[in-house]
$ cat model-v4.pdb   # PDB, C-alpha atoms
ATOM      1  CA  MET A   1      -0.375 -13.415  -7.653
ATOM      2  CA  HIS A   2       1.338 -10.196  -8.689
ATOM      3  CA  THR A   3       4.941  -9.418  -7.814
ATOM      4  CA  TYR A   4       4.940  -5.960  -6.291
ATOM      5  CA  PHE A   5       6.721  -3.138  -8.058
ATOM      6  CA  ASN A   6      10.020  -1.868  -6.746
ATOM      7  CA  CYS A   7      10.879   1.619  -7.981
ATOM      8  CA  GLY A   8      14.580   0.760  -7.781
ATOM      9  CA  LYS A   9      14.425  -2.009 -10.375
ATOM     10  CA  ALA A  10      15.090  -0.717 -13.871
ATOM     11  CA  LYS A  11      13.557  -3.838 -15.459
ATOM     12  CA  GLU A  12      10.087  -2.922 -14.188
ATOM     13  CA  LYS A  13       8.022  -0.905 -16.660
ATOM     14  CA  VAL A  14       6.095   2.058 -15.319
ATOM     15  CA  MET A  15       2.644   2.850 -16.703
ATOM     16  CA  LEU A  16       2.039   6.021 -14.694
ATOM     17  CA  ARG A  17       4.628   8.249 -13.086
ATOM     18  CA  VAL A  18       3.335  11.202 -11.050
ATOM     19  CA  HIS A  19       5.940  13.536  -9.579
ATOM     20  CA  GLU A  20       5.190  16.527  -7.320
ATOM     21  CA  LEU A  21       1.763  17.118  -8.839
ATOM     22  CA  ASP A  22       0.221  20.275  -7.399
ATOM     23  CA  LYS A  23      -3.150  21.795  -8.220
ATOM     24  CA  GLU A  24      -4.774  24.713  -6.410
ATOM     25  CA  MET A  25      -8.461  25.384  -7.046
ATOM     26  CA  SER A  26      -9.822  28.872  -6.362
ATOM     27  CA  GLY A  27     -13.286  30.332  -5.919
ATOM     28  CA  GLU A  28     -16.181  28.374  -4.420
ATOM     29  CA  ASP A  29     -14.421  25.069  -5.135
ATOM     30  CA  ARG A  30     -11.266  26.161  -3.332
ATOM     31  CA  PHE A  31      -9.067  23.144  -2.805
ATOM     32  CA  HIS A  32      -5.383  22.275  -2.842
ATOM     33  CA  LEU A  33      -4.027  19.033  -4.246
ATOM     34  CA  GLU A  34      -0.585  19.063  -2.722
ATOM     35  CA  ASN A  35       2.693  17.497  -3.841
ATOM     36  CA  ILE A  36       1.387  14.137  -5.114
ATOM     37  CA  SER A  37       4.021  11.598  -6.174
ATOM     38  CA  PHE A  38       3.697   7.873  -6.968
ATOM     39  CA  HIS A  39       4.468   5.238  -9.594
ATOM     40  CA  LEU A  40       2.078   2.603 -10.949
ATOM     41  CA  PRO A  41       3.680  -0.204 -12.964
ATOM     42  CA  LYS A  42       2.164  -1.903 -15.983
ATOM     43  CA  GLY A  43      -0.168  -4.794 -15.307
ATOM     44  CA  TYR A  44      -1.442  -3.585 -11.927
ATOM     45  CA  ILE A  45      -4.645  -2.221 -10.393
ATOM     46  CA  CYS A  46      -4.678   0.660  -7.912
ATOM     47  CA  GLY A  47      -7.610   1.440  -5.645
ATOM     48  CA  LEU A  48      -7.949   5.178  -4.970
ATOM     49  CA  VAL A  49      -9.676   5.682  -1.610
ATOM     50  CA  GLY A  50     -10.448   8.364   0.960
ATOM     51  CA  GLU A  51     -13.316  10.368   2.416
ATOM     52  CA  ASN A  52     -15.566  12.530   0.247
ATOM     53  CA  GLY A  53     -13.686  15.744  -0.489
ATOM     54  CA  ALA A  54     -10.265  14.151   0.011
ATOM     55  CA  GLY A  55      -9.209  14.965  -3.564
ATOM     56  CA  LYS A  56      -9.793  11.702  -5.447
ATOM     57  CA  THR A  57     -11.844  13.198  -8.286
ATOM     58  CA  THR A  58      -9.546  16.225  -8.561
ATOM     59  CA  LEU A  59      -6.564  13.885  -8.908
ATOM     60  CA  LEU A  60      -8.328  11.830 -11.584
ATOM     61  CA  ARG A  61      -9.196  14.992 -13.510
ATOM     62  CA  CYS A  62      -5.559  16.043 -13.440
ATOM     63  CA  LEU A  63      -4.553  12.612 -14.764
ATOM     64  CA  MET A  64      -7.178  12.958 -17.511
ATOM     65  CA  GLY A  65      -5.790  16.350 -18.511
ATOM     66  CA  LEU A  66      -9.041  18.140 -17.634
ATOM     67  CA  TYR A  67      -7.231  20.193 -14.979
ATOM     68  CA  ARG A  68      -3.860  21.792 -15.593
ATOM     69  CA  SER A  69      -1.401  21.186 -12.777
ATOM     70  CA  THR A  70       2.250  21.704 -11.986
ATOM     71  CA  GLY A  71       4.619  18.776 -11.664
ATOM     72  CA  ASP A  72       4.903  15.811 -14.011
ATOM     73  CA  ILE A  73       2.354  13.248 -15.174
ATOM     74  CA  VAL A  74       3.963  10.681 -17.462
ATOM     75  CA  ILE A  75       1.709   7.996 -18.980
ATOM     76  CA  ASP A  76       3.384   5.085 -20.759
ATOM     77  CA  GLY A  77       6.398   7.321 -21.419
ATOM     78  CA  HIS A  78       4.391  10.359 -22.604
ATOM     79  CA  ASN A  79       4.407  13.541 -20.530
ATOM     80  CA  LEU A  80       0.861  14.902 -20.291
ATOM     81  CA  ASN A  81       2.111  18.493 -20.163
ATOM     82  CA  SER A  82       4.629  18.452 -23.013
ATOM     83  CA  ASP A  83       3.248  15.596 -25.155
ATOM     84  CA  GLU A  84      -0.477  15.779 -24.490
ATOM     85  CA  ALA A  85      -1.663  14.311 -27.815
ATOM     86  CA  ALA A  86       0.387  11.132 -27.379
ATOM     87  CA  ALA A  87      -0.591  10.808 -23.720
ATOM     88  CA  ARG A  88      -4.305  11.086 -24.530
ATOM     89  CA  GLU A  89      -3.962   8.230 -27.015
ATOM     90  CA  VAL A  90      -3.266   5.821 -24.157
ATOM     91  CA  ILE A  91      -5.734   7.131 -21.519
ATOM     92  CA  ALA A  92      -9.242   5.743 -21.148
ATOM     93  CA  VAL A  93     -11.719   7.505 -18.880
ATOM     94  CA  VAL A  94     -14.663   5.356 -17.815
ATOM     95  CA  GLY A  95     -17.273   7.046 -15.674
ATOM     96  CA  ASP A  96     -20.940   7.289 -14.859
ATOM     97  CA  GLU A  97     -22.127   8.770 -18.152
ATOM     98  CA  GLY A  98     -19.058   9.146 -20.319
ATOM     99  CA  PHE A  99     -18.368  11.934 -22.781
ATOM    100  CA  PHE A 100     -20.380  10.690 -25.745
ATOM    101  CA  ASP A 101     -23.303  12.240 -27.613
ATOM    102  CA  GLU A 102     -26.373  10.624 -26.050
ATOM    103  CA  ASN A 103     -28.424  10.743 -29.248
ATOM    104  CA  ILE A 104     -26.365   8.581 -31.592
ATOM    105  CA  ASN A 105     -26.268   4.803 -31.718
ATOM    106  CA  LEU A 106     -23.211   2.784 -30.755
ATOM    107  CA  GLU A 107     -22.088   2.093 -34.317
ATOM    108  CA  LYS A 108     -22.163   5.795 -35.250
ATOM    109  CA  LEU A 109     -20.500   6.592 -31.939
ATOM    110  CA  GLY A 110     -17.501   4.505 -32.993
ATOM    111  CA  LYS A 111     -17.315   6.109 -36.453
ATOM    112  CA  TYR A 112     -17.546   9.656 -35.074
ATOM    113  CA  TYR A 113     -15.330   9.506 -31.985
ATOM    114  CA  GLY A 114     -12.927   6.992 -33.507
ATOM    115  CA  GLN A 115     -11.653   9.729 -35.829
ATOM    116  CA  MET A 116     -10.039  11.379 -32.803
ATOM    117  CA  TYR A 117      -7.664   8.459 -32.199
ATOM    118  CA  VAL A 118      -4.863   7.440 -34.535
ATOM    119  CA  ARG A 119      -5.075   3.727 -33.716
ATOM    120  CA  PHE A 120      -8.840   3.324 -33.497
ATOM    121  CA  ASP A 121      -9.989   0.065 -35.132
ATOM    122  CA  MET A 122     -13.689   0.009 -36.085
ATOM    123  CA  GLU A 123     -13.799  -3.751 -36.599
ATOM    124  CA  LYS A 124     -12.282  -4.331 -33.210
ATOM    125  CA  TYR A 125     -14.826  -1.943 -31.676
ATOM    126  CA  LEU A 126     -17.767  -3.763 -33.231
ATOM    127  CA  GLY A 127     -16.271  -7.026 -32.009
ATOM    128  CA  TYR A 128     -16.143  -5.753 -28.437
ATOM    129  CA  LEU A 129     -19.754  -4.541 -28.686
ATOM    130  CA  GLU A 130     -20.747  -8.061 -29.679
ATOM    131  CA  ARG A 131     -18.660  -9.591 -26.897
ATOM    132  CA  PHE A 132     -20.328  -7.316 -24.324
ATOM    133  CA  ASN A 133     -23.796  -8.151 -25.764
ATOM    134  CA  LEU A 134     -24.422  -4.563 -26.866
ATOM    135  CA  ASP A 135     -26.637  -3.771 -29.863
ATOM    136  CA  ARG A 136     -24.712  -1.553 -32.275
ATOM    137  CA  LYS A 137     -27.983   0.116 -33.360
ATOM    138  CA  GLN A 138     -28.982   1.047 -29.797
ATOM    139  CA  LYS A 139     -28.761   4.742 -28.915
ATOM    140  CA  TYR A 140     -26.316   5.547 -26.134
ATOM    141  CA  LYS A 141     -28.959   7.326 -24.035
ATOM    142  CA  LYS A 142     -31.104   4.173 -23.989
ATOM    143  CA  LEU A 143     -28.388   2.117 -22.302
ATOM    144  CA  SER A 144     -28.381   1.292 -18.596
ATOM    145  CA  LYS A 145     -25.461   2.538 -16.500
ATOM    146  CA  GLY A 146     -23.770  -0.854 -16.672
ATOM    147  CA  MET A 147     -24.192  -1.014 -20.449
ATOM    148  CA  LYS A 148     -22.752   2.504 -20.820
ATOM    149  CA  ILE A 149     -19.652   1.442 -18.920
ATOM    150  CA  LYS A 150     -19.276  -1.564 -21.228
ATOM    151  CA  ALA A 151     -19.711   0.689 -24.276
ATOM    152  CA  GLN A 152     -16.991   3.021 -22.978
ATOM    153  CA  LEU A 153     -14.708   0.033 -22.402
ATOM    154  CA  ALA A 154     -15.394  -1.303 -25.889
ATOM    155  CA  PHE A 155     -14.427   2.050 -27.375
ATOM    156  CA  ALA A 156     -11.285   2.436 -25.232
ATOM    157  CA  LEU A 157     -10.041  -1.066 -26.045
ATOM    158  CA  SER A 158     -10.467  -0.313 -29.738
ATOM    159  CA  TYR A 159      -7.897   2.491 -29.817
ATOM    160  CA  GLY A 160      -5.301   0.716 -27.704
ATOM    161  CA  ALA A 161      -5.762   2.484 -24.366
ATOM    162  CA  LYS A 162      -3.221   1.471 -21.736
ATOM    163  CA  LEU A 163      -4.232   3.390 -18.584
ATOM    164  CA  PHE A 164      -7.863   3.033 -17.496
ATOM    165  CA  LEU A 165      -9.299   5.563 -15.030
ATOM    166  CA  PHE A 166     -12.544   4.486 -13.346
ATOM    167  CA  ASP A 167     -14.518   6.898 -11.147
ATOM    168  CA  GLU A 168     -17.103   5.038  -9.003
ATOM    169  CA  PRO A 169     -17.840   2.586 -11.853
ATOM    170  CA  THR A 170     -20.011   0.153  -9.866
ATOM    171  CA  ALA A 171     -21.899   2.583  -7.591
ATOM    172  CA  GLY A 172     -25.603   1.786  -7.644
ATOM    173  CA  LEU A 173     -25.201  -1.309  -9.799
ATOM    174  CA  ASP A 174     -26.338  -4.817  -8.956
ATOM    175  CA  LYS A 175     -24.051  -7.574  -7.726
ATOM    176  CA  HIS A 176     -24.163  -9.416 -11.073
ATOM    177  CA  PHE A 177     -22.719  -6.445 -12.961
ATOM    178  CA  ARG A 178     -20.142  -5.824 -10.243
ATOM    179  CA  GLU A 179     -18.928  -9.412 -10.608
ATOM    180  CA  ASP A 180     -18.753  -8.972 -14.372
ATOM    181  CA  PHE A 181     -16.886  -5.682 -13.996
ATOM    182  CA  LEU A 182     -14.303  -7.123 -11.589
ATOM    183  CA  ARG A 183     -13.683  -9.996 -13.994
ATOM    184  CA  LEU A 184     -13.200  -7.515 -16.851
ATOM    185  CA  CYS A 185     -10.665  -5.548 -14.802
ATOM    186  CA  THR A 186      -8.543  -8.601 -14.036
ATOM    187  CA  GLU A 187      -8.690  -9.610 -17.706
ATOM    188  CA  LEU A 188      -7.593  -6.115 -18.783
ATOM    189  CA  VAL A 189      -4.349  -6.214 -16.805
ATOM    190  CA  SER A 190      -3.620  -9.912 -17.332
ATOM    191  CA  ASP A 191      -1.402  -9.280 -20.372
ATOM    192  CA  GLY A 192       0.883  -7.022 -18.306
ATOM    193  CA  GLY A 193       0.476  -4.118 -20.724
ATOM    194  CA  LYS A 194      -2.372  -2.182 -19.131
ATOM    195  CA  SER A 195      -3.033  -0.634 -15.729
ATOM    196  CA  ILE A 196      -6.126   0.582 -13.903
ATOM    197  CA  ILE A 197      -6.901   3.210 -11.270
ATOM    198  CA  ILE A 198     -10.312   2.767  -9.626
ATOM    199  CA  SER A 199     -11.806   5.389  -7.340
ATOM    200  CA  SER A 200     -14.514   3.595  -5.381
ATOM    201  CA  HIS A 201     -16.329   3.612  -2.061
ATOM    202  CA  ILE A 202     -17.146  -0.086  -2.517
ATOM    203  CA  THR A 203     -13.991  -1.253  -0.790
ATOM    204  CA  GLU A 204     -14.938  -4.932  -0.859
ATOM    205  CA  ASP A 205     -14.425  -4.795  -4.638
ATOM    206  CA  LEU A 206     -10.971  -3.274  -4.172
ATOM    207  CA  ASP A 207     -10.117  -5.945  -1.605
ATOM    208  CA  ARG A 208     -10.626  -8.523  -4.312
ATOM    209  CA  ILE A 209      -8.746  -7.005  -7.241
ATOM    210  CA  ALA A 210      -6.500  -4.105  -6.166
ATOM    211  CA  ASP A 211      -2.734  -4.587  -6.009
ATOM    212  CA  TYR A 212      -2.082  -1.119  -4.603
ATOM    213  CA  ILE A 213      -3.979   1.294  -2.382
ATOM    214  CA  ALA A 214      -3.632   5.070  -2.725
ATOM    215  CA  TYR A 215      -5.143   6.804   0.313
ATOM    216  CA  MET A 216      -6.087  10.472  -0.062
ATOM    217  CA  GLN A 217      -6.655  12.821   2.867
ATOM    218  CA  ALA A 218      -7.369  16.570   2.605
ATOM    219  CA  GLY A 219      -5.656  16.962  -0.769
ATOM    220  CA  ARG A 220      -2.606  14.898   0.119
ATOM    221  CA  LEU A 221      -1.642  11.380  -0.853
ATOM    222  CA  LEU A 222      -1.128   9.942   2.612
ATOM    223  CA  PHE A 223       0.223   6.658   1.288
ATOM    224  CA  PHE A 224       0.590   4.588  -1.861
ATOM    225  CA  LYS A 225       1.365   1.007  -0.883
ATOM    226  CA  PRO A 226       0.818  -2.577  -1.979
ATOM    227  CA  LYS A 227      -2.600  -3.446  -0.514
ATOM    228  CA  ASP A 228      -1.471  -6.329   1.673
ATOM    229  CA  ALA A 229       1.572  -4.436   2.967
ATOM    230  CA  ALA A 230      -0.616  -1.489   4.052
ATOM    231  CA  CYS A 231      -3.077  -3.676   5.949
ATOM    232  CA  GLU A 232      -0.379  -5.838   7.552
ATOM    233  CA  HIS A 233       0.819  -2.893   9.647
ATOM    234  CA  PHE A 234      -2.343  -3.223  11.756
ATOM    235  CA  ARG A 235      -4.617  -5.641  13.591
ATOM    236  CA  ILE A 236      -8.308  -5.415  14.465
ATOM    237  CA  VAL A 237      -8.753  -6.515  18.080
ATOM    238  CA  THR A 238     -12.126  -7.345  19.679
ATOM    239  CA  GLY A 239     -12.954  -8.372  23.241
ATOM    240  CA  PRO A 240     -14.320  -7.311  26.636
ATOM    241  CA  VAL A 241     -14.149  -3.563  27.249
ATOM    242  CA  TYR A 242     -11.914  -3.758  30.319
ATOM    243  CA  LYS A 243      -9.415  -6.031  28.586
ATOM    244  CA  CYS A 244      -9.229  -3.856  25.471
ATOM    245  CA  LYS A 245      -8.468  -0.896  27.738
ATOM    246  CA  LEU A 246      -5.334  -2.721  28.892
ATOM    247  CA  ILE A 247      -3.848  -2.418  25.395
ATOM    248  CA  PRO A 248      -1.079   0.237  25.475
ATOM    249  CA  LYS A 249      -2.483   3.586  24.303
ATOM    250  CA  GLU A 250       0.424   4.175  21.939
ATOM    251  CA  ALA A 251      -0.608   1.021  20.056
ATOM    252  CA  VAL A 252      -4.236   2.088  19.502
ATOM    253  CA  VAL A 253      -5.191   3.901  16.304
ATOM    254  CA  TYR A 254      -8.825   4.142  17.371
ATOM    255  CA  MET A 255     -11.104   2.171  19.713
ATOM    256  CA  GLU A 256     -14.870   1.825  19.494
ATOM    257  CA  GLU A 257     -16.412   0.951  22.845
ATOM    258  CA  GLY A 258     -19.684  -0.949  23.173
ATOM    259  CA  THR A 259     -21.609  -1.867  26.287
ATOM    260  CA  TYR A 260     -19.877  -5.198  26.776
ATOM    261  CA  SER A 261     -17.142  -5.341  24.137
ATOM    262  CA  SER A 262     -14.782  -3.046  22.282
ATOM    263  CA  THR A 263     -13.127  -3.156  18.881
ATOM    264  CA  ALA A 264      -9.907  -1.348  18.095
ATOM    265  CA  MET A 265      -7.415  -1.055  15.285
ATOM    266  CA  VAL A 266      -3.935  -1.317  16.731
ATOM    267  CA  ILE A 267      -0.425  -0.993  15.350
ATOM    268  CA  ARG A 268       0.839  -4.537  15.013
ATOM    269  CA  ASP A 269       4.430  -3.873  16.084
ATOM    270  CA  LYS A 270       3.348  -2.068  19.254
ATOM    271  CA  CYS A 271       0.531  -4.336  20.419
ATOM    272  CA  ILE A 272       1.078  -7.265  22.762
ATOM    273  CA  LEU A 273      -2.263  -8.956  23.386
ATOM    274  CA  VAL A 274      -2.952  -9.121  27.105
ATOM    275  CA  ASP A 275      -5.439 -11.968  27.022
ATOM    276  CA  ARG A 276      -6.460 -14.852  24.793
ATOM    277  CA  GLU A 277     -10.050 -13.660  24.979
ATOM    278  CA  LEU A 278      -9.055 -10.823  22.660
ATOM    279  CA  GLN A 279      -9.695 -11.893  19.070
ATOM    280  CA  GLU A 280      -7.623 -10.409  16.282
ATOM    281  CA  HIS A 281      -7.459 -10.304  12.492
ATOM    282  CA  THR A 282      -5.760  -8.280   9.770
ATOM    283  CA  PRO A 283      -8.000  -5.404   8.615
ATOM    284  CA  ASP A 284      -9.466  -5.281   5.156
ATOM    285  CA  ILE A 285      -9.472  -1.995   3.212
ATOM    286  CA  ARG A 286     -12.830  -0.879   4.625
ATOM    287  CA  GLU A 287     -11.651  -1.408   8.202
ATOM    288  CA  LEU A 288      -8.299   0.232   7.540
ATOM    289  CA  ILE A 289      -9.909   3.404   6.163
ATOM    290  CA  HIS A 290     -12.658   3.455   8.797
ATOM    291  CA  TYR A 291     -10.260   3.443  11.743
ATOM    292  CA  LEU A 292      -7.763   5.828  10.158
ATOM    293  CA  VAL A 293     -10.604   8.314   9.574
ATOM    294  CA  LYS A 294     -12.040   7.800  13.067
ATOM    295  CA  GLY A 295      -8.637   8.332  14.640
ATOM    296  CA  GLY A 296      -8.355  11.794  13.105
ATOM    297  CA  LYS A 297      -6.277  13.364  10.344
ATOM    298  CA  GLU A 298      -3.304  14.317  12.494
ATOM    299  CA  ASN A 299      -3.105  10.867  14.034
ATOM    300  CA  ALA A 300      -3.295   9.234  10.591
ATOM    301  CA  GLU A 301      -0.497  11.461   9.292
ATOM    302  CA  ASN A 302       1.725  10.596  12.251
ATOM    303  CA  ILE A 303       1.112   6.869  11.877
ATOM    304  CA  VAL A 304       1.815   6.892   8.148
ATOM    305  CA  GLU A 305       4.963   8.988   8.569
ATOM    306  CA  LYS A 306       6.293   6.671  11.280
ATOM    307  CA  TYR A 307       5.347   3.239   9.941
ATOM    308  CA  PHE A 308       4.893   3.665   6.180
ATOM    309  CA  GLY A 309       8.080   5.589   5.500
TER
END
$ encode --input "model-v4.pdb" --output "structure tokens"
Amino acid sequence: MHTYFNCGKAKEKVMLRVHELDKEMSGEDRFHLENISFHLPKGYICGLVGENGAGKTTLLRCLMGLYRSTGDIVIDGHNLNSDEAAAREVIAVVGDEGFFDENINLEKLGKYYGQMYVRFDMEKYLGYLERFNLDRKQKYKKLSKGMKIKAQLAFALSYGAKLFLFDEPTAGLDKHFREDFLRLCTELVSDGGKSIIISSHITEDLDRIADYIAYMQAGRLLFFKPKDAACEHFRIVTGPVYKCKLIPKEAVVYMEEGTYSSTAMVIRDKCILVDRELQEHTPDIRELIHYLVKGGKENAENIVEKYFG
């Protein structure tokens, strides 16, 4: 079990430090990523979550260096703005298709793109291809989505990447690959020298491997918290409609009423259960996001400001 990072402890090593990141998009894609600040230590996995359009992909593109932004992005001690070449040496971007030429085979891919990285090791790359059961003579465009992700990982591990950015890596893939991917992620961070940010709508995967949750809403980072600490602020309560309605309103984040029973997410510190017939449990990430979204943006902001401060 991980020991959660405390920004006040000098002995902890930070992989990613984001301070007052701000990015304003103009034109048809008008959007404002506003005053984002957080720290991710080495050896940890962060799940990046939020509704579509909340700013997750824009944030990832800023971290990749694809979008210029104000503020500071420091990756393993290298500032992306002032020391971009060194920062790029430790970033790995793993996505749906990747950035590789589709028409070359995996061996040539390593030889060509490896020239762009000072520490790229061809032998190590070929070794990872073999470990991931990838044919070095296979063209990249012939690979399945899951195989492309493994090829991207093989390449990134071969130049010593430290920060791995995954954008919906398991969307549309079967359960077998998802299991394999989750195992790979935990192996990646097990040495304490690498960190991962995963943007995913498959929250059950994040429940299993994420140490931290970063929740985006309308271009703002509403909270960045250890996963268990974020969920522990709340309880999911289920029971007869009339008994759920007896729960103090100030304790209810959002309540869904059925014909005979209701389910609500409530603030743990404010809720005193009025009857033993009301069942309760700590929300998982999916439930946490669902009820925060259902309760409305303003309500979510107020709750986070009051209880996550």
$ residues_around --input "model-v4.pdb" --residues "Arg208 of chain A" --least-positions-apart "3" --cutoff "10 Å" --atoms "all atoms listed in the file" --output "list in words"
Leu182, Thr186, Thr203, Glu204, Asp205 and Asp211 of chain A
$ residues_around --input "model-v4.pdb" --residues "Asp228 of chain A" --least-positions-apart "3" --cutoff "10 Å" --atoms "only C-alpha atoms" --output "PDB file with C-alpha atoms, in the frame of the given file"
ATOM      1  CA  ASP A 207     -10.117  -5.945  -1.605  1.00  0.00           C
ATOM      2  CA  ALA A 210      -6.500  -4.105  -6.166  1.00  0.00           C
ATOM      3  CA  ASP A 211      -2.734  -4.587  -6.009  1.00  0.00           C
ATOM      4  CA  TYR A 212      -2.082  -1.119  -4.603  1.00  0.00           C
ATOM      5  CA  ILE A 213      -3.979   1.294  -2.382  1.00  0.00           C
ATOM      6  CA  LYS A 225       1.365   1.007  -0.883  1.00  0.00           C
ATOM      7  CA  CYS A 231      -3.077  -3.676   5.949  1.00  0.00           C
ATOM      8  CA  GLU A 232      -0.379  -5.838   7.552  1.00  0.00           C
ATOM      9  CA  HIS A 233       0.819  -2.893   9.647  1.00  0.00           C
ATOM     10  CA  THR A 282      -5.760  -8.280   9.770  1.00  0.00           C
ATOM     11  CA  PRO A 283      -8.000  -5.404   8.615  1.00  0.00           C
ATOM     12  CA  ASP A 284      -9.466  -5.281   5.156  1.00  0.00           C
ATOM     13  CA  ILE A 285      -9.472  -1.995   3.212  1.00  0.00           C
TER      14      ILE A 285
END
$ closest_residue --input "model-v4.pdb" --among "A:Leu16, A:Ile236, A:Val74, A:Ala151" --to "Gly127 of chain A" --atoms "all atoms listed in the file"
A:Ala151
$ residues_around --input "model-v4.pdb" --residues "segment 252-261 of chain A" --least-positions-apart "6" --cutoff "12 Å" --atoms "all atoms listed in the file" --output "PyMOL selection string"
chain A and resi 233-246+267-273+277-279+287-304
$ atom_distance --input "model-v4.pdb" --atom1 "atom CA of Cys62 of chain A" --atom2 "atom CA of His201 of chain A"
20.0 Å
$ resolve_selection --input "model-v4.pdb" --expression "the PyMOL selection byres ((chain A and resi 190) around 12)" --output "PDB file with C-alpha atoms, in the frame of the given file"
ATOM      1  CA  MET A   1      -0.375 -13.415  -7.653  1.00  0.00           C
ATOM      2  CA  HIS A   2       1.338 -10.196  -8.689  1.00  0.00           C
ATOM      3  CA  LYS A  42       2.164  -1.903 -15.983  1.00  0.00           C
ATOM      4  CA  GLY A  43      -0.168  -4.794 -15.307  1.00  0.00           C
ATOM      5  CA  TYR A  44      -1.442  -3.585 -11.927  1.00  0.00           C
ATOM      6  CA  ILE A  45      -4.645  -2.221 -10.393  1.00  0.00           C
ATOM      7  CA  ARG A 183     -13.683  -9.996 -13.994  1.00  0.00           C
ATOM      8  CA  LEU A 184     -13.200  -7.515 -16.851  1.00  0.00           C
ATOM      9  CA  CYS A 185     -10.665  -5.548 -14.802  1.00  0.00           C
ATOM     10  CA  THR A 186      -8.543  -8.601 -14.036  1.00  0.00           C
ATOM     11  CA  GLU A 187      -8.690  -9.610 -17.706  1.00  0.00           C
ATOM     12  CA  LEU A 188      -7.593  -6.115 -18.783  1.00  0.00           C
ATOM     13  CA  VAL A 189      -4.349  -6.214 -16.805  1.00  0.00           C
ATOM     14  CA  ASP A 191      -1.402  -9.280 -20.372  1.00  0.00           C
ATOM     15  CA  GLY A 192       0.883  -7.022 -18.306  1.00  0.00           C
ATOM     16  CA  GLY A 193       0.476  -4.118 -20.724  1.00  0.00           C
ATOM     17  CA  LYS A 194      -2.372  -2.182 -19.131  1.00  0.00           C
ATOM     18  CA  SER A 195      -3.033  -0.634 -15.729  1.00  0.00           C
ATOM     19  CA  ILE A 196      -6.126   0.582 -13.903  1.00  0.00           C
ATOM     20  CA  ILE A 209      -8.746  -7.005  -7.241  1.00  0.00           C
TER      21      ILE A 209
END
$ closest_residue --input "model-v4.pdb" --among "A:Lys23, A:Lys162, A:Arg88, A:His281" --to "Met64 of chain A" --atoms "all atoms listed in the file"
A:Arg88
$ atom_distance --input "model-v4.pdb" --atom1 "atom CA of Ser82 of chain A" --atom2 "atom CA of Lys13 of chain A"
20.7 Å
